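Q: final.cif is the file, holding mmCIF, C-alpha atoms:
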data_query
loop_
_atom_site.label_atom_id
_atom_site.label_comp_id
_atom_site.auth_asym_id
_atom_site.auth_seq_id
_atom_site.Cartn_x
_atom_site.Cartn_y
_atom_site.Cartn_z
CA MET A 103 3.91 -25.88 -2.55
CA LYS A 104 0.58 -24.60 -1.24
CA ALA A 105 -0.62 -21.35 0.33
CA PHE A 106 -3.84 -20.93 2.30
CA PHE A 107 -5.49 -17.50 2.74
CA TYR A 108 -7.71 -17.34 5.80
CA CYS A 109 -10.45 -14.78 5.12
CA ASP A 110 -13.35 -15.53 7.48
CA THR A 111 -14.60 -11.92 7.87
CA TYR A 112 -16.30 -11.55 4.49
CA LYS A 113 -17.28 -15.06 3.46
CA ASN A 114 -20.39 -13.97 1.56
CA THR A 115 -19.20 -11.02 -0.53
CA ASP A 116 -17.39 -10.26 -3.77
CA LEU A 117 -14.83 -8.12 -1.93
CA ALA A 118 -11.22 -9.26 -2.37
CA TYR A 119 -8.41 -8.19 -0.06
CA HIS A 120 -5.90 -6.21 -2.12
CA ASP A 121 -2.91 -7.49 -0.14
CA PHE A 122 -4.04 -11.12 -0.47
CA VAL A 123 -4.51 -10.64 -4.23
CA CYS A 124 -1.05 -9.14 -4.75
CA ILE A 125 0.66 -11.99 -2.88
CA ALA A 126 -1.50 -14.73 -4.42
CA GLU A 127 -0.88 -13.45 -7.96
CA GLY A 128 2.85 -13.57 -7.34
CA LEU A 129 2.80 -16.99 -5.70
CA PHE A 130 0.60 -18.39 -8.46
CA SER A 131 3.07 -17.17 -11.09
CA LEU A 132 5.80 -19.04 -9.19
CA GLY A 133 3.83 -22.28 -9.29
CA VAL A 134 2.30 -22.14 -5.80
CA GLU A 135 -1.27 -23.41 -5.39
CA CYS A 136 -3.48 -20.83 -3.64
CA TYR A 137 -6.45 -21.92 -1.54
CA GLY A 138 -8.68 -20.20 0.99
CA ASP A 139 -11.72 -20.65 3.20
CA ARG A 140 -13.76 -18.95 0.45
CA ASN A 141 -13.37 -18.25 -3.24
CA MET A 142 -11.69 -14.90 -3.81
CA TYR A 143 -10.98 -12.78 -6.87
CA LEU A 144 -11.71 -13.53 -10.49
CA PRO A 145 -8.80 -12.19 -12.56
CA ASP A 146 -10.01 -10.42 -15.69
CA GLY A 147 -13.38 -12.13 -15.64
CA GLN A 148 -11.97 -15.63 -15.75
CA LYS A 149 -14.04 -18.50 -14.43
CA GLU A 150 -11.25 -19.79 -12.17
CA TYR A 151 -10.77 -17.95 -8.88
CA LEU A 152 -7.26 -16.83 -7.95
CA ILE A 153 -7.78 -18.06 -4.37
CA ARG A 154 -9.93 -21.18 -4.47
CA PHE A 155 -12.15 -22.83 -1.91
CA ASP A 156 -11.76 -26.59 -1.87
CA GLU A 157 -13.33 -28.53 1.00
CA LYS A 158 -10.44 -31.00 0.75
CA GLN A 159 -7.87 -28.26 1.44
CA SER A 160 -7.25 -26.80 4.90
CA PRO A 161 -4.56 -24.60 6.48
CA GLU A 162 -2.91 -27.70 7.93
CA ASP A 163 -2.28 -28.95 4.37
CA ALA A 164 -0.45 -25.78 3.32
CA ASP A 165 3.12 -24.57 3.56
CA LEU A 166 2.09 -20.94 4.07
CA VAL A 167 -1.00 -19.66 5.92
CA PHE A 168 -1.96 -15.98 5.65
CA PHE A 169 -4.14 -14.05 8.09
CA HIS A 170 -5.57 -10.57 7.47
CA TYR A 171 -5.87 -7.61 9.84
CA LEU A 172 -9.59 -7.28 9.04
CA LEU A 173 -10.13 -10.34 11.24
CA TYR A 174 -9.87 -7.93 14.16
CA ARG A 175 -13.04 -6.16 13.14
CA GLN A 176 -14.80 -9.08 14.82
CA GLY A 177 -13.17 -8.13 18.13
CA LYS A 178 -9.77 -8.83 19.65
CA LYS A 179 -10.72 -11.94 21.61
CA ILE A 180 -12.47 -13.56 18.66
CA ALA A 181 -9.65 -12.79 16.22
CA ASP A 182 -6.93 -13.87 18.66
CA LYS A 183 -8.71 -17.16 19.25
CA LYS A 184 -9.16 -17.88 15.55
CA ILE A 185 -5.54 -17.14 14.69
CA THR A 186 -3.96 -18.94 17.65
CA HIS A 187 -6.05 -22.01 16.87
CA PHE A 188 -3.68 -22.49 13.93
CA THR A 189 -0.46 -20.95 15.23
CA LYS A 190 -0.53 -23.03 18.43
CA LEU A 191 -1.21 -26.37 16.76
CA PRO A 192 1.25 -28.95 18.09
CA ASP A 193 3.97 -29.85 15.60
CA ARG A 194 2.62 -27.49 12.93
CA ASN A 195 4.76 -27.55 9.81
CA PHE A 196 3.42 -24.46 8.05
CA THR A 197 4.56 -20.84 8.28
CA CYS A 198 2.01 -18.32 9.61
CA VAL A 199 2.03 -14.83 8.10
CA PHE A 200 -0.10 -11.91 9.34
CA ILE A 201 -0.75 -8.96 7.03
CA ASP A 202 -1.12 -5.62 8.81
CA ALA A 203 -2.05 -2.74 6.50
CA SER A 204 -4.22 -1.01 9.07
CA ASP A 205 -4.22 2.72 9.72
CA GLY A 206 -3.40 4.09 13.14
CA VAL A 207 -0.66 3.93 15.75
CA ARG A 208 -1.22 0.63 17.53
CA THR A 209 -2.45 -1.65 14.78
CA PRO A 210 -3.73 -5.27 14.82
CA GLY A 211 -0.20 -6.60 14.29
CA PHE A 212 0.50 -5.78 17.95
CA GLU A 213 -2.28 -8.08 19.17
CA LYS A 214 -1.86 -11.56 20.65
CA GLY A 215 -2.99 -13.48 17.58
CA ALA A 216 -0.76 -11.59 15.17
CA GLN A 217 2.15 -11.84 17.56
CA SER A 218 1.78 -15.63 17.61
CA CYS A 219 2.50 -15.66 13.85
CA ASP A 220 5.98 -16.19 12.48
CA VAL A 221 6.02 -12.85 10.72
CA VAL A 222 3.90 -9.69 10.43
CA LEU A 223 4.02 -7.90 7.08
CA LYS A 224 3.67 -4.28 8.20
CA SER A 225 2.54 -1.60 5.75
CA HIS A 226 3.03 2.05 6.81
CA TYR A 227 6.27 0.85 8.44
CA ASN A 228 8.29 3.70 9.91
CA ARG A 229 11.80 2.94 11.18
CA LYS A 230 11.50 5.65 13.86
CA TYR A 231 8.90 3.61 15.75
CA LYS A 232 9.61 0.56 17.90
CA TYR A 233 7.87 -2.56 16.59
CA PRO A 234 7.65 -6.16 17.79
CA LYS A 235 10.45 -8.42 16.56
CA ASN A 236 8.30 -10.29 14.05
CA PHE A 237 7.40 -7.10 12.10
CA ILE A 238 9.04 -6.57 8.71
CA PRO A 239 8.45 -3.64 6.31
CA TRP A 240 5.75 -4.25 3.72
CA GLN A 241 3.72 -2.25 1.20
CA PHE A 242 0.26 -1.81 -0.31
CA GLY A 243 1.86 -2.82 -3.59
CA LEU A 244 0.82 -3.64 -7.12
CA SER A 245 -1.68 -6.12 -8.49
CA ASN A 246 -1.82 -7.25 -12.10
CA ARG A 247 -5.10 -5.37 -12.41
CA MET A 248 -3.38 -2.07 -11.61
CA ILE A 249 -0.50 -2.78 -13.97
CA GLU A 250 -2.88 -3.54 -16.82
CA ALA A 251 -5.27 -0.65 -16.07
CA VAL A 252 -2.77 2.10 -16.88
CA HIS A 253 -1.65 3.11 -20.38
CA PRO A 254 1.26 5.49 -19.84
CA LEU A 255 1.80 8.15 -22.47
CA PRO A 256 5.32 9.28 -23.35
CA PHE A 257 6.29 11.97 -20.87
CA LYS A 258 6.49 14.79 -23.40
CA GLN A 259 2.91 14.10 -24.54
CA ARG A 260 1.49 14.40 -21.02
CA GLU A 261 -0.47 17.26 -19.52
CA GLN A 262 1.77 19.70 -17.66
CA ALA A 263 -0.19 19.27 -14.46
CA PHE A 264 0.29 18.20 -10.85
CA LEU A 265 -2.53 15.94 -9.65
CA VAL A 266 -3.76 16.70 -6.13
CA ASN A 267 -7.25 15.25 -6.57
CA PHE A 268 -7.49 13.50 -3.20
CA ARG A 269 -10.82 12.02 -2.19
CA VAL A 270 -9.76 11.48 1.46
CA LYS A 271 -8.51 14.31 3.67
CA HIS A 272 -5.36 13.78 5.76
CA GLN A 273 -3.60 16.23 8.07
CA LEU A 274 -0.41 15.92 6.03
CA ARG A 275 -2.20 16.46 2.71
CA ASP A 276 -3.88 19.66 3.83
CA PHE A 277 -0.67 21.00 5.32
CA LEU A 278 1.50 20.26 2.29
CA ASN A 279 -1.10 21.49 -0.18
CA ASN A 280 -1.10 24.86 1.56
CA ARG A 281 2.69 25.02 1.55
CA LEU A 282 3.27 23.76 -1.99
CA ARG A 283 0.56 25.18 -4.20
CA ALA A 284 2.21 28.53 -4.92
CA ILE A 285 5.50 26.75 -5.63
CA VAL A 286 4.01 24.17 -7.97
CA GLU A 287 1.95 26.70 -9.93
CA LYS A 288 5.14 28.40 -11.11
CA SER A 289 5.65 25.55 -13.55
CA LEU A 290 2.64 23.16 -13.50
CA ILE A 291 -1.14 23.35 -13.40
CA TRP A 292 -2.51 22.58 -9.93
CA ASP A 293 -5.13 19.96 -10.82
CA ASN A 294 -7.45 19.19 -7.92
CA SER A 295 -10.43 18.27 -10.06
CA ILE A 296 -12.31 15.17 -8.93
CA SER A 297 -14.46 13.31 -11.42
CA ASP A 298 -17.94 12.25 -10.44
CA LEU A 299 -16.93 8.61 -10.20
CA GLU A 300 -20.38 7.59 -9.05
CA LYS A 301 -21.71 8.45 -12.51
CA GLU A 302 -19.08 6.49 -14.34
CA LYS A 303 -20.91 3.61 -16.01
CA LEU A 304 -18.77 0.52 -15.73
CA THR A 305 -19.39 -2.69 -17.60
CA GLY A 306 -17.72 -6.05 -18.12
CA LYS A 307 -14.43 -6.64 -16.37
CA ASP A 308 -14.27 -3.02 -15.14
CA LEU A 309 -17.51 -3.51 -13.24
CA LEU A 310 -16.22 -6.82 -11.89
CA PHE A 311 -12.98 -5.21 -10.70
CA TRP A 312 -14.92 -2.32 -9.17
CA LYS A 313 -16.97 -4.80 -7.10
CA GLN A 314 -13.98 -6.90 -6.11
CA THR A 315 -11.92 -3.90 -4.96
CA GLY A 316 -14.61 -2.25 -2.90
CA GLY A 317 -15.09 0.58 -5.40
CA ARG A 318 -11.44 1.38 -6.14
CA HIS A 319 -11.30 0.57 -9.83
CA TYR A 320 -12.05 3.52 -12.14
CA PRO A 321 -10.72 3.58 -15.74
CA SER A 322 -11.09 7.37 -15.97
CA TYR A 323 -8.77 7.82 -12.98
CA TYR A 324 -6.16 5.48 -14.44
CA ASP A 325 -6.43 7.34 -17.74
CA LYS A 326 -5.75 10.63 -15.98
CA LEU A 327 -2.73 9.21 -14.17
CA SER A 328 -1.43 7.85 -17.47
CA LYS A 329 -1.35 11.25 -19.15
CA THR A 330 -0.23 13.62 -16.35
CA VAL A 331 3.39 14.47 -15.59
CA ALA A 332 3.28 14.42 -11.77
CA CYS A 333 1.05 13.24 -8.94
CA ALA A 334 0.89 14.13 -5.25
CA CYS A 335 1.05 10.81 -3.41
CA TYR A 336 1.67 12.11 0.08
CA GLY A 337 -0.72 11.25 2.86
CA GLY A 338 -1.00 10.36 6.52
CA VAL A 339 -0.10 12.31 9.62
CA PHE A 340 3.04 14.17 10.66
CA ALA A 341 4.18 13.06 14.11
CA ILE A 342 6.72 14.00 16.76
CA PRO A 343 9.04 11.80 18.89
CA TRP A 344 6.67 11.81 21.88
CA GLY A 345 3.30 10.16 22.57
CA ASN A 346 3.43 7.79 19.64
CA TYR A 347 2.05 4.45 20.81
CA ASN A 348 -1.50 5.40 21.64
CA LYS A 349 -3.80 7.26 19.28
CA TYR A 350 -5.12 9.49 22.07
CA THR A 351 -1.73 10.49 23.50
CA ALA A 352 -0.43 10.99 19.96
CA LYS A 353 -3.25 13.42 19.20
CA ILE A 354 -2.80 15.30 22.49
CA ALA A 355 0.95 15.50 21.94
CA ARG A 356 0.47 16.92 18.47
CA LEU A 357 -2.03 19.55 19.72
CA LEU A 358 0.25 20.60 22.57
CA ASN A 359 3.21 20.76 20.24
CA ASP A 360 1.24 23.03 17.90
CA LEU A 361 0.80 25.46 20.80
CA ILE A 362 4.34 25.16 22.16
CA PRO A 363 6.58 23.77 19.37
CA LEU A 364 9.14 21.83 21.38
CA PHE A 365 9.59 19.04 18.83
CA PRO A 366 9.87 19.20 15.03
CA TRP A 367 7.86 16.76 12.95
CA ASP A 368 10.37 14.02 12.34
CA ARG A 369 8.17 11.14 11.08
CA VAL A 370 5.03 10.29 9.12
CA ARG A 371 2.58 7.56 9.99
CA GLN A 372 -0.13 6.09 7.74
CA TRP A 373 1.89 7.19 4.70
CA ASP A 374 1.26 4.37 2.19
CA SER A 375 -1.63 4.31 -0.30
CA TRP A 376 -3.00 2.73 -3.46
CA ARG A 377 -2.40 6.10 -5.11
CA LEU A 378 1.36 5.80 -4.60
CA TRP A 379 1.65 2.50 -6.48
CA GLU A 380 -0.86 3.45 -9.18
CA SER A 381 1.06 6.65 -9.90
CA TRP A 382 4.41 4.89 -10.06
CA VAL A 383 3.23 2.26 -12.54
CA ALA A 384 1.35 4.89 -14.58
CA GLY A 385 4.65 6.65 -15.26
CA CYS A 386 3.94 9.81 -13.25
CA CYS A 387 6.64 11.61 -11.32
CA VAL A 388 5.66 10.52 -7.81
CA VAL A 389 5.79 13.29 -5.19
CA HIS A 390 5.85 12.32 -1.51
CA VAL A 391 7.70 13.31 1.66
CA ASP A 392 11.39 12.44 1.81
CA PHE A 393 11.20 8.79 2.93
CA ASP A 394 14.67 8.74 4.49
CA LYS A 395 14.17 11.92 6.50
CA TYR A 396 10.71 11.03 7.82
CA GLY A 397 11.35 7.33 8.46
CA CYS A 398 9.11 5.75 5.78
CA GLN A 399 10.43 2.24 5.17
CA LEU A 400 9.81 -0.15 2.27
CA PRO A 401 11.37 -3.60 1.67
CA VAL A 402 13.36 -2.17 -1.25
CA MET A 403 13.88 1.57 -0.83
CA PRO A 404 13.39 4.07 -3.66
CA GLN A 405 15.84 6.97 -3.87
CA ASN A 406 14.82 10.60 -3.69
CA LYS A 407 15.21 12.46 -7.00
CA ILE A 408 15.83 9.16 -8.77
CA HIS A 409 12.64 7.13 -8.27
CA TYR A 410 10.41 9.80 -6.66
CA LEU A 411 10.56 13.45 -5.64
CA GLY A 412 10.73 13.74 -1.85
CA ILE A 413 9.70 16.83 0.10
CA ASP A 414 11.87 18.12 2.94
CA LEU A 415 9.98 20.74 4.95
CA ASP A 416 13.28 22.30 5.97
CA ASN A 417 14.39 22.76 2.37
CA LEU A 418 11.45 23.74 0.18
CA GLU A 419 13.85 25.68 -2.04
CA ASP A 420 15.23 22.36 -3.25
CA PHE A 421 11.71 21.08 -3.97
CA GLU A 422 10.97 24.23 -5.95
CA ALA A 423 14.09 23.80 -8.08
CA SER A 424 13.20 20.16 -8.73
CA ILE A 425 9.51 20.60 -9.58
CA CYS A 426 10.44 23.29 -12.11
CA ASP A 427 13.00 21.04 -13.82
CA LYS A 428 11.03 19.19 -16.51
CA ALA A 429 13.99 17.04 -17.54
CA LEU A 430 14.43 15.88 -13.95
CA LEU A 431 10.71 15.09 -13.59
CA GLU A 432 10.84 13.01 -16.77
CA GLN A 433 13.87 11.05 -15.55
CA ILE A 434 12.28 10.43 -12.14
CA ALA A 435 9.05 9.23 -13.77
CA GLU A 436 10.88 6.80 -16.07
CA ASN A 437 13.11 5.49 -13.29
CA GLY A 438 10.16 5.18 -10.90
CA LYS A 439 8.14 3.04 -13.27
CA LYS A 440 11.10 0.73 -13.93
CA PHE A 441 11.82 0.52 -10.20
CA VAL A 442 8.30 -0.42 -9.19
CA LEU A 443 7.90 -3.06 -11.89
CA GLN A 444 11.28 -4.57 -11.07
CA HIS A 445 10.85 -4.73 -7.31
CA TYR A 446 7.10 -4.64 -6.64
CA SER A 447 5.39 -6.66 -9.34
CA PRO A 448 3.41 -9.52 -7.77
CA GLU A 449 6.03 -12.08 -8.81
CA ALA A 450 8.93 -9.98 -7.46
CA VAL A 451 7.12 -9.48 -4.14
CA ALA A 452 6.23 -13.15 -3.76
CA GLY A 453 9.76 -14.22 -4.60
CA ARG A 454 11.21 -11.83 -2.02
CA LEU A 455 8.76 -13.07 0.62
CA LEU A 456 9.68 -16.70 0.02
CA GLN A 457 13.35 -15.79 0.23
CA THR A 458 12.75 -13.92 3.50
CA LEU A 459 10.94 -16.94 4.93
CA ASN A 460 13.61 -19.28 3.57
CA LEU A 461 11.06 -21.19 1.50
CA LYS A 462 11.26 -22.45 -2.06
CA SER A 463 8.39 -22.57 -4.55
CA GLY A 464 7.61 -25.54 -6.75
#
Can the structure in the file be given as structure tokens, please?
A:
Amino acid sequence: MKAFFYCDTYKNTDLAYHDFVCIAEGLFSLGVECYGDRNMYLPDGQKEYLIRFDEKQSPEDADLVFFHYLLYRQGKKIADKKITHFTKLPDRNFTCVFIDASDGVRTPGFEKGAQSCDVVLKSHYNRKYKYPKNFIPWQFGLSNRMIEAVHPLPFKQREQAFLVNFRVKHQLRDFLNNRLRAIVEKSLIWDNSISDLEKEKLTGKDLLFWKQTGGRHYPSYYDKLSKTVACACYGGVFAIPWGNYNKYTAKIARLLNDLIPLFPWDRVRQWDSWRLWESWVAGCCVVHVDFDKYGCQLPVMPQNKIHYLGIDLDNLEDFEASICDKALLEQIAENGKKFVLQHYSPEAVAGRLLQTLNLKSG
């Protein structure tokens, strides 16, 4: 079995697409050959690329062909044309998969090219929105690099702190930080310290990973995650049931609703992040919004107070009782790490994708 990863946008760079890497690592472990229109990603400094360019291999020779949402940075018409060149081939015998991990309301998965694919793997999926029929819930997920970068300490040896050291501001983060800080500080240190990552001198494979991930690999950050009891992983934007399918109307609706609160926030968009998966695998107690209440959908759903601690804005008393319960936090952290390795390791993800597509490896 063969998979082909169509990159195109960044042919002359070290940058590797995180979502391509996660899937390719899993497929490779299942015996699937992974090719692409350029070499991509050297695992742990090895000489052999994970996704290999071979002039003898083309998408037409593969069983699975993957397209990435970054293609649309070239423009809609250009991206649509490039994707439909393959999806509209007469008598094609390969499955076309579009990966949509883009931020925003109407993302590239809605476009003509993506819609011509057999399936769209949609990160930030929220069940309260209406999506095209070929969308299925997806995730940012775990790569082997992330799994190997953390070194989780036993829970009782960890710093009694709550990490809120975000580098990127989101509406939801600012709002929840203001609501939660006084609650959290009753039992944990509110740690919003941000290391000067630009001064961190990386060498060897760490430098290689830093280049290949677009500056997202920092050992000091993984070390901090590995020795802290809890981490704030919430992010994105609270939204209401009206004005959702255009970024401009969504913003206007939110501003009007702030003035005259006719609708409660009932959903969160743009809620997934690398931070979520890094914290889970590092053995932190992951803190996010209540996925079930606010519509956040993953292929395999974690349970609130079992695999993560979910925040319900209408019941902050329950959050306060939970965040102060050290035994509960420890159990959630342990369960969360087991859950994410069982269901979201690269091999588990690739196996589930093949099953969804009714394909067999080997």
Q: Give me the residues within 10 Å of Ser225 of chain A as a list in words, counting all atoms listed in the file and dropping any in the same chain fewer than 2 places off.
A: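 My list of contacting residues is Asp121, Ile201, Asp202, Ala203, Ser204, Asp205, Val222, Leu223, Tyr227, Asn228, Phe237, Ile238, Pro239, Trp240, Gln241, Phe242, Gly243, Gln372, Trp373, Asp374, Ser375, Cys398, Gln399, Leu400 and Pro401 of chain A.
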Q: Could you please determine the separation between atom CA of Leu418 of chain A and atom CA of Cys387 of chain A in Å, to one decimal place?
A: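 The value is 17.4 Å.
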Q: I would like the residues chosen by the PyMOL selection byres ((chain A and resi 425-440) around 6) on the shown file; could you give them as a PDB file with C-alpha atoms, keeping the file's coordinate frame?
A:
ATOM      1  CA  SER A 289       5.650  25.550 -13.550  1.00  0.00           C
ATOM      2  CA  TRP A 382       4.410   4.890 -10.060  1.00  0.00           C
ATOM      3  CA  VAL A 383       3.230   2.260 -12.540  1.00  0.00           C
ATOM      4  CA  GLY A 385       4.650   6.650 -15.260  1.00  0.00           C
ATOM      5  CA  CYS A 386       3.940   9.810 -13.250  1.00  0.00           C
ATOM      6  CA  CYS A 387       6.640  11.610 -11.320  1.00  0.00           C
ATOM      7  CA  ILE A 408      15.830   9.160  -8.770  1.00  0.00           C
ATOM      8  CA  HIS A 409      12.640   7.130  -8.270  1.00  0.00           C
ATOM      9  CA  TYR A 410      10.410   9.800  -6.660  1.00  0.00           C
ATOM     10  CA  GLU A 422      10.970  24.230  -5.950  1.00  0.00           C
ATOM     11  CA  ALA A 423      14.090  23.800  -8.080  1.00  0.00           C
ATOM     12  CA  SER A 424      13.200  20.160  -8.730  1.00  0.00           C
ATOM     13  CA  PHE A 441      11.820   0.520 -10.200  1.00  0.00           C
ATOM     14  CA  VAL A 442       8.300  -0.420  -9.190  1.00  0.00           C
ATOM     15  CA  LEU A 443       7.900  -3.060 -11.890  1.00  0.00           C
TER      16      LEU A 443
END
Q: Expand the PyMOL selection byres ((chain A and resi 136) around 6) into the explicit residue set it covers here, and present it as a list of chain:residue names.
A: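 Taken over the shown coordinates, the PyMOL selection byres ((chain A and resi 136) around 6) returns A:Ala105, A:Phe106, A:Glu135, A:Tyr137, A:Ile153.
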Q: Could you check the closest approach to Arg318 of chain A for each of A:Ile354, A:Leu144, A:Ala334, A:Met248 and tell me which residue wins, using only C-alpha atoms?
A: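 Going through A:Ile354, A:Leu144, A:Ala334, A:Met248 one by one, the smallest distance to Arg318 of chain A is for A:Met248.
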Q: Determine the residue set returned by the PyMOL selection byres ((chain A and resi 371) around 12) for the present structure, and present it as a ChimeraX atom specification.
A: /A:203-209,225-231,272-274,336-343,346-347,349,352,367-370,372-375,391,393,396-399
Q: If we count all atoms listed in the file, what is near Leu265 of chain A at a cut-off of 9 Å, once residues fewer than 2 positions away on the same chain are taken out, given as an MDAnalysis selection string?
A: chainID A and resid 263 267:268 291:295 326:327 330:335
Q: Calculate how many Å separate atom CA of Glu287 of chain A from atom CA of His319 of chain A, rounding to one decimal.
A: 29.3 Å
Q: Between atom CA of Cys198 of chain A and atom CA of Leu166 of chain A, what is the distance in Å, rounded to a tenth?
A: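 A separation of 6.1 Å between them.
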Q: From the options A:Val389, A:Ile185, A:Gln159, A:Ser131, which residue's atoms come nearest to Asn279 of chain A, counting all atoms listed in the file?
A: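 The shortest atom-to-atom distance to Asn279 of chain A comes from A:Val389.
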Q: Give as a ChimeraX atom specification every residue, naming chains and numbers as the document does, that has an atom within 8 Å of (0.1, 0.9, -8.2), counting all atoms listed in the file.
A: /A:243-245,248-249,376-384
Q: Write out as a PDB file with C-alpha atoms, in the coordinates of the input which residues come within 10 Å of Thr197 of chain A when counting only C-alpha atoms, dropping same-chain ones fewer than 5 positions away.
A:
ATOM      1  CA  ALA A 105      -0.620 -21.350   0.330  1.00  0.00           C
ATOM      2  CA  ALA A 164      -0.450 -25.780   3.320  1.00  0.00           C
ATOM      3  CA  ASP A 165       3.120 -24.570   3.560  1.00  0.00           C
ATOM      4  CA  LEU A 166       2.090 -20.940   4.070  1.00  0.00           C
ATOM      5  CA  VAL A 167      -1.000 -19.660   5.920  1.00  0.00           C
ATOM      6  CA  PHE A 168      -1.960 -15.980   5.650  1.00  0.00           C
ATOM      7  CA  THR A 189      -0.460 -20.950  15.230  1.00  0.00           C
ATOM      8  CA  CYS A 219       2.500 -15.660  13.850  1.00  0.00           C
ATOM      9  CA  ASP A 220       5.980 -16.190  12.480  1.00  0.00           C
ATOM     10  CA  VAL A 221       6.020 -12.850  10.720  1.00  0.00           C
ATOM     11  CA  LEU A 459      10.940 -16.940   4.930  1.00  0.00           C
ATOM     12  CA  LEU A 461      11.060 -21.190   1.500  1.00  0.00           C
TER      13      LEU A 461
END
